[in-house]
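What follows is the content of target_29.tsv, which has TSV, C-alpha atoms:
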```tsv
chain	number	residue	atom	x	y	z
A	369	MET	CA	-28.14	0.73	19.14
A	370	ALA	CA	-25.27	-1.41	18.15
A	371	THR	CA	-27.28	-3.37	15.67
A	372	GLU	CA	-28.61	-0.16	14.24
A	373	ALA	CA	-25.13	1.17	13.77
A	374	VAL	CA	-24.06	-2.02	12.10
A	375	ARG	CA	-27.10	-1.97	9.90
A	376	ARG	CA	-26.50	1.61	8.86
A	377	ARG	CA	-22.95	0.96	7.82
A	378	PRO	CA	-23.15	0.44	4.08
A	379	VAL	CA	-21.63	-2.62	2.55
A	380	PRO	CA	-18.74	-1.54	0.35
A	381	ARG	CA	-19.53	-1.94	-3.29
A	382	ALA	CA	-16.38	-3.98	-3.90
A	383	ALA	CA	-17.37	-6.42	-1.15
A	384	ARG	CA	-20.55	-7.48	-2.91
A	385	ALA	CA	-18.79	-9.94	-5.19
A	386	PRO	CA	-17.12	-11.98	-2.40
A	387	LEU	CA	-20.30	-11.80	-0.35
A	388	ALA	CA	-22.36	-13.09	-3.25
A	389	VAL	CA	-19.89	-15.89	-3.90
A	390	GLY	CA	-19.83	-16.75	-0.22
A	391	ALA	CA	-23.63	-16.82	-0.01
A	392	LEU	CA	-23.83	-19.05	-3.07
A	393	VAL	CA	-21.24	-21.50	-1.79
A	394	ALA	CA	-22.76	-21.48	1.69
A	395	ALA	CA	-26.21	-22.24	0.30
A	396	ALA	CA	-24.83	-25.07	-1.82
A	397	THR	CA	-22.91	-26.45	1.17
A	398	VAL	CA	-26.01	-26.38	3.33
A	399	TYR	CA	-27.93	-28.21	0.65
A	400	VAL	CA	-25.22	-30.87	0.34
A	401	ALA	CA	-25.05	-31.15	4.10
A	402	VAL	CA	-28.79	-31.69	4.42
A	403	VAL	CA	-29.39	-33.83	1.36
A	404	ASP	CA	-27.07	-36.79	1.73
A	405	PRO	CA	-25.18	-37.54	-1.47
A	406	ASN	CA	-24.44	-41.04	-0.17
A	407	ARG	CA	-28.00	-42.01	-0.92
A	408	PRO	CA	-28.77	-42.36	-4.59
A	409	GLY	CA	-31.46	-40.46	-6.35
A	410	HIS	CA	-30.79	-36.96	-5.09
A	411	TYR	CA	-27.94	-35.94	-7.33
A	412	VAL	CA	-27.14	-36.49	-10.95
A	413	THR	CA	-24.63	-39.27	-11.32
A	414	CYS	CA	-21.33	-38.13	-12.75
A	415	PRO	CA	-21.42	-39.10	-16.44
A	416	LEU	CA	-17.73	-40.01	-16.46
A	417	LEU	CA	-18.19	-42.39	-13.56
A	418	ALA	CA	-21.39	-43.82	-14.98
A	419	LEU	CA	-19.95	-44.43	-18.42
A	420	THR	CA	-16.38	-45.45	-17.71
A	421	GLY	CA	-16.15	-46.19	-14.01
A	422	LEU	CA	-13.21	-43.84	-13.77
A	423	ALA	CA	-12.87	-41.46	-10.87
A	424	CYS	CA	-12.04	-37.92	-11.93
A	425	PRO	CA	-10.09	-35.71	-9.51
A	426	GLY	CA	-13.35	-34.37	-8.14
A	427	CYS	CA	-14.94	-37.74	-7.60
A	428	GLY	CA	-16.34	-38.01	-4.09
A	429	GLY	CA	-16.34	-34.24	-3.75
A	430	LEU	CA	-20.00	-33.98	-2.83
A	431	ARG	CA	-19.73	-36.80	-0.30
A	432	ALA	CA	-16.56	-35.27	1.13
A	433	THR	CA	-18.29	-31.91	1.40
A	434	HIS	CA	-21.20	-33.58	3.15
A	435	ASP	CA	-18.80	-35.22	5.59
A	436	LEU	CA	-16.87	-31.99	6.14
A	437	ALA	CA	-20.10	-30.16	6.88
A	438	HIS	CA	-20.79	-32.83	9.50
A	439	LEU	CA	-17.22	-32.49	10.81
A	440	ASP	CA	-16.42	-36.04	9.77
A	441	LEU	CA	-12.83	-35.51	8.71
A	442	VAL	CA	-12.01	-39.20	8.33
A	443	GLY	CA	-15.01	-39.85	6.14
A	444	ALA	CA	-14.24	-36.83	4.01
A	445	TRP	CA	-10.62	-37.93	3.65
A	446	SER	CA	-11.66	-41.34	2.45
A	447	MET	CA	-13.86	-39.80	-0.18
A	448	ASN	CA	-11.54	-37.17	-1.64
A	449	PRO	CA	-8.34	-36.32	0.21
A	450	LEU	CA	-7.40	-33.60	-2.25
A	451	TRP	CA	-10.65	-31.79	-1.64
A	452	VAL	CA	-10.10	-31.97	2.10
A	453	VAL	CA	-6.79	-30.18	1.56
A	454	VAL	CA	-8.01	-27.68	-1.02
A	455	ALA	CA	-11.36	-26.68	0.47
A	456	PRO	CA	-9.90	-24.97	3.57
A	457	LEU	CA	-7.41	-23.15	1.37
A	458	LEU	CA	-10.26	-21.88	-0.77
A	459	VAL	CA	-12.10	-20.72	2.33
A	460	VAL	CA	-9.03	-18.85	3.54
A	461	LEU	CA	-8.51	-17.33	0.11
A	462	TRP	CA	-12.13	-16.24	0.05
A	463	ALA	CA	-11.79	-14.69	3.51
A	464	VAL	CA	-8.73	-12.73	2.42
A	465	TRP	CA	-10.60	-11.62	-0.67
A	466	LEU	CA	-13.57	-10.46	1.43
A	467	VAL	CA	-11.47	-8.54	3.95
A	468	ARG	CA	-9.42	-6.86	1.26
A	469	ALA	CA	-12.51	-5.96	-0.75
A	470	TRP	CA	-14.17	-4.59	2.36
A	471	ARG	CA	-11.21	-2.30	2.89
A	472	GLY	CA	-11.23	-1.19	-0.71
A	473	ARG	CA	-8.10	-3.04	-1.69
A	474	PRO	CA	-7.72	-5.14	-4.83
A	475	ALA	CA	-8.40	-8.84	-4.75
A	476	PRO	CA	-5.50	-11.10	-3.78
A	477	ARG	CA	-3.47	-12.24	-6.74
A	478	VAL	CA	-2.28	-15.82	-6.66
A	479	PRO	CA	0.89	-16.24	-8.73
A	480	ALA	CA	0.75	-18.01	-12.07
A	481	GLY	CA	3.12	-20.69	-10.83
A	482	VAL	CA	0.52	-21.78	-8.29
A	483	ALA	CA	-1.96	-22.14	-11.15
A	484	TRP	CA	0.32	-24.47	-13.11
A	485	ALA	CA	1.15	-26.41	-9.97
A	486	THR	CA	-2.55	-26.80	-9.22
A	487	LEU	CA	-3.18	-28.15	-12.69
A	488	GLY	CA	-0.29	-30.59	-12.34
A	489	VAL	CA	-1.48	-31.80	-8.96
A	490	LEU	CA	-5.00	-32.20	-10.30
A	491	VAL	CA	-3.90	-34.32	-13.25
A	492	VAL	CA	-1.49	-36.46	-11.23
A	493	PHE	CA	-4.09	-36.99	-8.54
A	494	GLY	CA	-6.68	-37.96	-11.14
A	495	VAL	CA	-4.32	-40.53	-12.64
A	496	LEU	CA	-3.06	-41.99	-9.39
A	497	ARG	CA	-6.46	-42.45	-7.80
A	498	ASN	CA	-7.45	-44.72	-10.67
A	499	VAL	CA	-4.49	-47.03	-10.08
A	500	PRO	CA	-6.06	-50.06	-8.39
A	501	ALA	CA	-3.35	-50.34	-5.77
A	502	LEU	CA	-3.86	-46.71	-4.71
A	503	VAL	CA	-7.63	-46.65	-4.65
A	504	PRO	CA	-7.81	-47.36	-0.88
A	505	TRP	CA	-5.78	-44.19	-0.23
A	506	LEU	CA	-6.84	-41.81	-2.99
A	507	GLY	CA	-10.07	-43.09	-4.43
A	508	PRO	CA	-13.52	-42.56	-3.08
A	509	VAL	CA	-13.98	-45.42	-0.62
A	510	ALA	CA	-17.41	-45.99	0.82
A	511	SER	CA	-16.88	-46.26	4.53
B	644	MET	CA	6.90	17.96	-33.99
B	645	THR	CA	7.37	21.49	-32.85
B	646	GLN	CA	8.98	22.58	-36.05
B	647	PRO	CA	5.97	22.73	-38.37
B	648	PRO	CA	3.68	24.69	-36.03
B	649	GLY	CA	6.54	26.83	-34.84
B	650	PRO	CA	7.22	29.08	-37.79
B	651	ALA	CA	3.61	29.51	-38.78
B	652	PRO	CA	2.51	31.71	-35.86
B	653	TYR	CA	6.03	32.98	-35.60
B	654	ASP	CA	6.06	34.97	-38.79
B	655	PRO	CA	3.27	37.42	-38.08
B	656	ALA	CA	4.57	38.04	-34.61
B	657	ASN	CA	8.09	39.01	-35.50
B	658	PRO	CA	7.31	42.05	-37.67
B	659	GLY	CA	5.28	43.40	-34.82
B	660	ASP	CA	8.12	43.14	-32.39
B	661	GLY	CA	10.62	44.78	-34.63
B	662	SER	CA	13.45	44.25	-32.21
B	663	GLN	CA	13.67	40.58	-33.08
B	664	ALA	CA	14.65	41.23	-36.62
B	665	PRO	CA	17.70	38.94	-36.43
B	666	TYR	CA	15.49	36.01	-35.60
B	667	GLY	CA	13.16	36.84	-38.40
B	668	ALA	CA	16.03	37.25	-40.83
B	669	ALA	CA	17.60	33.93	-39.95
B	670	GLU	CA	14.27	32.22	-40.07
B	671	PRO	CA	14.41	30.80	-43.58
B	672	GLY	CA	17.99	29.65	-43.09
B	673	GLY	CA	18.23	27.80	-39.84
B	674	SER	CA	15.06	26.18	-38.81
B	675	PRO	CA	16.10	24.14	-35.74
B	676	GLN	CA	16.54	26.91	-33.28
B	677	HIS	CA	13.50	28.91	-34.27
B	678	PRO	CA	10.82	26.63	-32.98
B	679	SER	CA	12.38	27.24	-29.64
B	680	GLY	CA	11.49	30.84	-29.88
B	681	GLY	CA	8.30	30.06	-31.72
B	682	PRO	CA	6.21	28.99	-28.78
B	683	GLY	CA	7.40	31.92	-26.76
B	684	VAL	CA	6.49	34.69	-29.11
B	685	PRO	CA	2.88	33.79	-29.77
B	686	ALA	CA	2.44	33.28	-26.07
B	687	GLY	CA	1.66	36.95	-25.92
B	688	GLU	CA	4.31	38.27	-23.54
B	689	PRO	CA	5.77	41.75	-24.03
B	690	TYR	CA	8.72	41.76	-26.33
B	691	PRO	CA	11.43	42.90	-23.89
B	692	ALA	CA	11.09	39.60	-22.10
B	693	GLY	CA	10.65	37.73	-25.32
B	694	PRO	CA	14.02	36.13	-25.96
B	695	TYR	CA	14.79	35.32	-22.36
B	696	GLY	CA	11.36	34.63	-21.01
B	697	SER	CA	10.17	32.50	-23.84
B	698	PRO	CA	11.89	29.28	-22.79
B	699	GLN	CA	10.41	29.61	-19.35
B	700	ALA	CA	6.96	30.40	-20.62
B	701	SER	CA	6.98	27.56	-23.09
B	702	GLY	CA	7.77	25.10	-20.33
B	703	GLN	CA	10.16	23.03	-22.40
B	704	PRO	CA	13.11	21.82	-20.35
B	705	PRO	CA	15.57	21.30	-23.22
B	706	TYR	CA	15.41	24.94	-24.15
B	707	ALA	CA	15.37	26.27	-20.67
B	708	GLY	CA	18.59	24.46	-19.95
B	709	GLN	CA	20.24	25.54	-23.14
B	710	PRO	CA	22.82	28.08	-22.13
B	711	GLY	CA	23.82	29.31	-25.54
B	712	TYR	CA	20.42	30.44	-26.62
B	713	GLY	CA	20.45	33.90	-25.26
B	714	GLY	CA	24.15	34.57	-25.16
B	715	GLN	CA	25.37	33.25	-28.44
B	716	PRO	CA	24.52	34.88	-31.72
B	717	TYR	CA	22.68	32.98	-34.36
B	718	THR	CA	25.78	32.35	-36.33
B	719	GLY	CA	25.18	28.68	-36.68
B	720	GLN	CA	26.59	27.49	-33.39
B	721	PRO	CA	23.14	27.19	-31.87
B	722	GLN	CA	22.35	24.74	-34.60
B	723	SER	CA	24.93	22.27	-33.39
B	724	PRO	CA	23.72	22.20	-29.77
B	725	GLY	CA	20.24	22.42	-31.12
B	726	PRO	CA	19.73	18.83	-32.31
B	727	PRO	CA	20.66	17.08	-29.02
B	728	PRO	CA	17.56	18.34	-27.22
B	729	TYR	CA	15.45	17.04	-30.05
B	730	ALA	CA	17.19	13.71	-30.00
B	731	ALA	CA	16.83	13.47	-26.24
B	732	GLY	CA	13.17	14.25	-26.47
B	733	ALA	CA	12.55	11.82	-29.28
B	734	TYR	CA	13.79	8.82	-27.28
B	735	PRO	CA	12.18	8.83	-23.85
B	736	ALA	CA	13.85	6.81	-21.16
B	737	SER	CA	10.68	4.79	-20.64
B	738	ALA	CA	11.19	3.15	-24.01
B	739	TYR	CA	14.16	1.27	-22.58
B	740	ALA	CA	12.44	0.21	-19.35
B	741	PRO	CA	11.51	-3.48	-19.39
B	742	PRO	CA	7.75	-4.00	-19.69
B	743	TYR	CA	6.05	-5.07	-16.49
B	744	TYR	CA	2.74	-6.89	-16.57
B	745	PRO	CA	1.56	-7.43	-13.00
B	746	LYS	CA	-1.73	-9.09	-13.97
B	747	ASN	CA	-0.47	-11.78	-16.31
B	748	SER	CA	-1.39	-14.40	-13.74
B	749	LEU	CA	-5.08	-13.78	-14.37
B	750	ALA	CA	-4.98	-15.26	-17.85
B	751	VAL	CA	-2.92	-18.19	-16.58
B	752	TRP	CA	-5.54	-18.90	-13.95
B	753	SER	CA	-8.27	-18.62	-16.57
B	754	LEU	CA	-6.50	-21.15	-18.79
B	755	VAL	CA	-5.78	-23.50	-15.89
B	756	LEU	CA	-9.37	-23.32	-14.69
B	757	GLY	CA	-10.56	-23.92	-18.25
B	758	ILE	CA	-8.37	-27.00	-18.57
B	759	ALA	CA	-9.36	-28.14	-15.10
B	760	SER	CA	-13.01	-28.03	-16.10
B	761	PHE	CA	-12.18	-30.83	-18.55
B	762	VAL	CA	-9.98	-32.72	-16.11
B	763	LEU	CA	-12.82	-32.55	-13.62
B	764	SER	CA	-15.96	-33.93	-15.13
B	765	CYS	CA	-18.18	-31.12	-13.89
B	766	GLY	CA	-17.73	-28.11	-16.12
B	767	PHE	CA	-19.63	-25.67	-13.95
B	768	VAL	CA	-17.34	-25.76	-10.95
B	769	THR	CA	-14.30	-24.35	-12.69
B	770	GLY	CA	-15.76	-23.36	-16.07
B	771	ILE	CA	-17.67	-20.38	-14.71
B	772	PRO	CA	-14.64	-19.02	-12.79
B	773	ALA	CA	-12.54	-19.57	-15.91
B	774	VAL	CA	-14.83	-17.26	-17.89
B	775	ILE	CA	-14.97	-14.66	-15.12
B	776	VAL	CA	-11.22	-14.63	-14.55
B	777	GLY	CA	-10.61	-14.67	-18.30
B	778	ASN	CA	-12.73	-11.58	-18.76
B	779	ALA	CA	-10.82	-9.89	-15.95
B	780	ALA	CA	-7.60	-10.87	-17.71
B	781	LYS	CA	-8.83	-9.30	-20.95
B	782	ARG	CA	-9.66	-6.15	-19.03
B	783	ALA	CA	-6.12	-6.16	-17.65
B	784	VAL	CA	-4.77	-6.48	-21.19
B	785	ALA	CA	-6.87	-3.52	-22.28
B	786	GLU	CA	-5.46	-1.52	-19.38
B	787	GLY	CA	-1.92	-2.45	-20.30
B	788	GLN	CA	-1.32	-4.48	-17.16
B	789	ALA	CA	-1.08	-7.79	-18.98
B	790	ASP	CA	0.03	-8.93	-22.42
B	791	ASN	CA	-1.26	-12.50	-22.68
B	792	GLU	CA	-4.60	-11.92	-24.31
B	793	GLY	CA	-4.40	-15.16	-26.27
B	794	MET	CA	-4.15	-17.17	-23.09
B	795	ALA	CA	-7.14	-15.31	-21.67
B	796	THR	CA	-9.12	-16.07	-24.82
B	797	ALA	CA	-8.20	-19.74	-24.53
B	798	GLY	CA	-9.38	-19.81	-20.93
B	799	ILE	CA	-12.68	-18.12	-21.78
B	800	VAL	CA	-13.34	-20.43	-24.72
B	801	LEU	CA	-12.49	-23.53	-22.69
B	802	GLY	CA	-14.70	-22.32	-19.88
B	803	TRP	CA	-17.67	-21.71	-22.15
B	804	VAL	CA	-17.23	-25.03	-23.92
B	805	ALA	CA	-17.12	-26.80	-20.56
B	806	ILE	CA	-20.21	-24.95	-19.38
B	807	GLY	CA	-22.05	-25.78	-22.59
B	808	LEU	CA	-21.09	-29.45	-22.50
B	809	SER	CA	-22.06	-29.71	-18.86
B	810	ALA	CA	-25.39	-28.04	-19.53
B	811	VAL	CA	-26.07	-30.44	-22.40
B	812	GLY	CA	-25.04	-33.40	-20.26
B	813	LEU	CA	-27.18	-32.21	-17.38
B	814	LEU	CA	-30.18	-31.81	-19.66
B	815	LEU	CA	-29.62	-35.26	-21.11
B	816	LEU	CA	-29.32	-36.79	-17.67
B	817	LEU	CA	-32.32	-34.97	-16.30
B	818	VAL	CA	-34.41	-36.01	-19.30
B	819	PHE	CA	-32.86	-39.42	-19.82
B	820	PHE	CA	-32.87	-40.69	-16.29
B	821	PRO	CA	-36.54	-39.98	-15.52
B	822	ALA	CA	-37.44	-41.62	-18.79
B	823	LEU	CA	-35.30	-44.60	-17.90
B	824	PHE	CA	-36.77	-44.82	-14.44
B	825	ALA	CA	-40.28	-44.58	-15.83
B	826	TRP	CA	-39.45	-47.36	-18.26
B	827	VAL	CA	-38.04	-49.55	-15.57
B	828	GLY	CA	-41.01	-48.75	-13.44
B	829	THR	CA	-39.08	-48.42	-10.25
B	830	ILE	CA	-37.31	-45.55	-8.63
B	831	PRO	CA	-34.12	-46.63	-6.89
B	832	ASP	CA	-34.98	-46.91	-3.23
B	833	GLN	CA	-32.93	-45.19	-0.62
B	834	SER	CA	-31.54	-48.15	1.25
```
Please express what this file holds, its structure, as structure tokens.
Amino acid sequence: MATEAVRRRPVPRAARAPLAVGALVAAATVYVAVVDPNRPGHYVTCPLLALTGLACPGCGGLRATHDLAHLDLVGAWSMNPLWVVVAPLLVVLWAVWLVRAWRGRPAPRVPAGVAWATLGVLVVFGVLRNVPALVPWLGPVAS
Amino acid sequence: MTQPPGPAPYDPANPGDGSQAPYGAAEPGGSPQHPSGGPGVPAGEPYPAGPYGSPQASGQPPYAGQPGYGGQPYTGQPQSPGPPPYAAGAYPASAYAPPYYPKNSLAVWSLVLGIASFVLSCGFVTGIPAVIVGNAAKRAVAEGQADNEGMATAGIVLGWVAIGLSAVGLLLLLVFFPALFAWVGTIPDQS
């Protein structure tokens, strides 16, 4: 009875977008969790890393996601600390978006200042993690 | 605005009334106050209520609040209080209100995501959201809730360029690496 009632309740039209995004990200996360990016041959090597050896701000993101999916916080932090900080925020933001959309309210609006701050953090992080002295803290370190 | 259409339907109505001869006589002379009566007369009400009921029927606040319309003769004094209602109507108060664009942050996010897709070396992760958010920002501009269309365009273009470059790079890698592996003859083993 309960399941039938839940099944009969229609999904709000506005909630389809966050649900689709969530399904996509969840599927990708499951794939990354199952297929280990630490082993070569499964994923395309980042062209920037292959050509220059530089680590972009997202370097180690797949490995960090793999570690996060396996609840290995230390391993994820050693791969990409910024992603460990940002990923939960994105999940929370997505949850707020889903709840608001389900209730027929507009999507949450993040202020423009946060956007500029994000860009600044991204650039600074990308520069600092290529400084040799800071690589043990910010760069992707194979544990 | 009300002056040109006012006298046109006003002329054939006045001879029919007969009692409103003073208005018809002063019609060629003073034009400002006649459009006020203009909308009332062709509205089709009976003529006893014409001079007094017309401001109410026309629904125009400046004339309804004009005290001297009914009481004062048309000797020219109504012309001097006449222009202020026009001036007040010509400059709405909203013209002085500061513009408010609550969705300007969308275009900023589109631009930031577009730039980030070049800072990050994978253009899909932030390039696709940059295009989506940029299109939402353009929609907000079209709805008058944002005014930074150029920034939205920049975000969309950057997003598409990043997506295109990433697609080209992915194709090259997917074609180039198998060819390289086949040439080497060994596939890297999974230690």
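Among the candidates A:Leu416, A:Leu441, A:Leu430, A:Val489, the one nearest to chain B when counting only C-alpha atoms is A:Leu416.
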Problem set entry | One-decimal distance in Å that lies between CA of Val751 (chain B) and CA of Leu487 (chain A) |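 These two atoms are separated by 10.7 Å.
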For this session: Give me the residues within 7 Å of region 809-817 of chain B as a list in words, counting only C-alpha atoms and dropping any in the same chain fewer than 3 places off.
Result: Cys765, Gly766, Phe767, Ala805, Ile806, Phe820 and Pro821 of chain B
Show me, as JSON lines, the residues of chain A having an atom within 9 Å of chain B, each with the closest atom pair and its distance in Å, using all atoms listed in the file.
```
{"residue": "A:Arg407", "atom": "CA", "partner": "B:Gln833", "partner_atom": "CA", "distance": 5.9}
{"residue": "A:Pro408", "atom": "CA", "partner": "B:Gln833", "partner_atom": "CA", "distance": 6.4}
{"residue": "A:Gly409", "atom": "CA", "partner": "B:Pro831", "partner_atom": "CA", "distance": 6.7}
{"residue": "A:Val412", "atom": "CA", "partner": "B:Leu816", "partner_atom": "CA", "distance": 7.1}
{"residue": "A:Thr413", "atom": "CA", "partner": "B:Leu816", "partner_atom": "CA", "distance": 8.3}
{"residue": "A:Cys414", "atom": "CA", "partner": "B:Ser764", "partner_atom": "CA", "distance": 7.2}
{"residue": "A:Pro415", "atom": "CA", "partner": "B:Ser764", "partner_atom": "CA", "distance": 7.6}
{"residue": "A:Leu416", "atom": "CA", "partner": "B:Ser764", "partner_atom": "CA", "distance": 6.5}
{"residue": "A:Leu417", "atom": "CA", "partner": "B:Ser764", "partner_atom": "CA", "distance": 8.9}
{"residue": "A:Cys424", "atom": "CA", "partner": "B:Leu763", "partner_atom": "CA", "distance": 5.7}
{"residue": "A:Pro425", "atom": "CA", "partner": "B:Leu763", "partner_atom": "CA", "distance": 5.9}
{"residue": "A:Gly426", "atom": "CA", "partner": "B:Leu763", "partner_atom": "CA", "distance": 5.8}
{"residue": "A:Cys427", "atom": "CA", "partner": "B:Leu763", "partner_atom": "CA", "distance": 8.2}
{"residue": "A:Arg477", "atom": "CA", "partner": "B:Ser748", "partner_atom": "CA", "distance": 7.6}
{"residue": "A:Val478", "atom": "CA", "partner": "B:Ser748", "partner_atom": "CA", "distance": 7.3}
{"residue": "A:Pro479", "atom": "CA", "partner": "B:Ser748", "partner_atom": "CA", "distance": 5.8}
{"residue": "A:Ala480", "atom": "CA", "partner": "B:Ser748", "partner_atom": "CA", "distance": 4.5}
{"residue": "A:Gly481", "atom": "CA", "partner": "B:Ser748", "partner_atom": "CA", "distance": 8.3}
{"residue": "A:Val482", "atom": "CA", "partner": "B:Trp752", "partner_atom": "CA", "distance": 8.8}
{"residue": "A:Ala483", "atom": "CA", "partner": "B:Trp752", "partner_atom": "CA", "distance": 5.6}
{"residue": "A:Trp484", "atom": "CA", "partner": "B:Val755", "partner_atom": "CA", "distance": 6.8}
{"residue": "A:Thr486", "atom": "CA", "partner": "B:Val755", "partner_atom": "CA", "distance": 8.1}
{"residue": "A:Leu487", "atom": "CA", "partner": "B:Val755", "partner_atom": "CA", "distance": 6.2}
{"residue": "A:Leu490", "atom": "CA", "partner": "B:Ala759", "partner_atom": "CA", "distance": 7.7}
{"residue": "A:Val491", "atom": "CA", "partner": "B:Val762", "partner_atom": "CA", "distance": 6.9}
{"residue": "A:Gly494", "atom": "CA", "partner": "B:Val762", "partner_atom": "CA", "distance": 7.9}
```
For this session: Please measure the separation of CA of Ala510 (chain A) and CA of Ser446 (chain A), giving the value in Å to one decimal.
Result: 7.6 Å
Residue neighbourhood region 464-470 of chain A, 8 Å, all atoms listed in the file, exclusion window fewer than 4 positions, as a JSON list (two decimals) with C-alpha atoms, keeping the file's coordinate frame:
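around37.json, written as the output of this step:
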```
[["chain", "number", "residue", "atom", "x", "y", "z"],
["A", 379, "VAL", "CA", -21.63, -2.62, 2.55],
["A", 380, "PRO", "CA", -18.74, -1.54, 0.35],
["A", 382, "ALA", "CA", -16.38, -3.98, -3.90],
["A", 383, "ALA", "CA", -17.37, -6.42, -1.15],
["A", 386, "PRO", "CA", -17.12, -11.98, -2.40],
["A", 387, "LEU", "CA", -20.30, -11.80, -0.35],
["A", 460, "VAL", "CA", -9.03, -18.85, 3.54],
["A", 474, "PRO", "CA", -7.72, -5.14, -4.83],
["A", 475, "ALA", "CA", -8.40, -8.84, -4.75],
["A", 476, "PRO", "CA", -5.50, -11.10, -3.78]]
```
Exercise. Hey, which of A:Leu506, A:Val499, A:Val389, A:Leu422 ends up closest to Val452 (chain A)? Count all atoms listed in the file.
Worked result: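 For Val452 (chain A), the nearest of the candidates is A:Leu506.
Interatomic distance, CA of Arg431 (chain A) against CA of Pro508 (chain A): 8.9 Å.
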Problem set entry | Surrounding residues of Trp445 (chain A) excluding itself and chain neighbours under 5 positions, 9 Å, only C-alpha atoms, as a PyMOL selection string | chain A and resi 432+435-436+440+450-453+505-506+508
Is it possible to get the axis-aligned box enclosing region 455-470 of chain A (all listed atoms, 5 Å extra per side) as lines of an AutoDock Vina configuration file, with centre and edge lengths in Å rounded to one decimal?
```
center_x = -10.8
center_y = -15.6
center_z = 1.6
size_x = 16.8
size_y = 32.1
size_z = 14.7
```
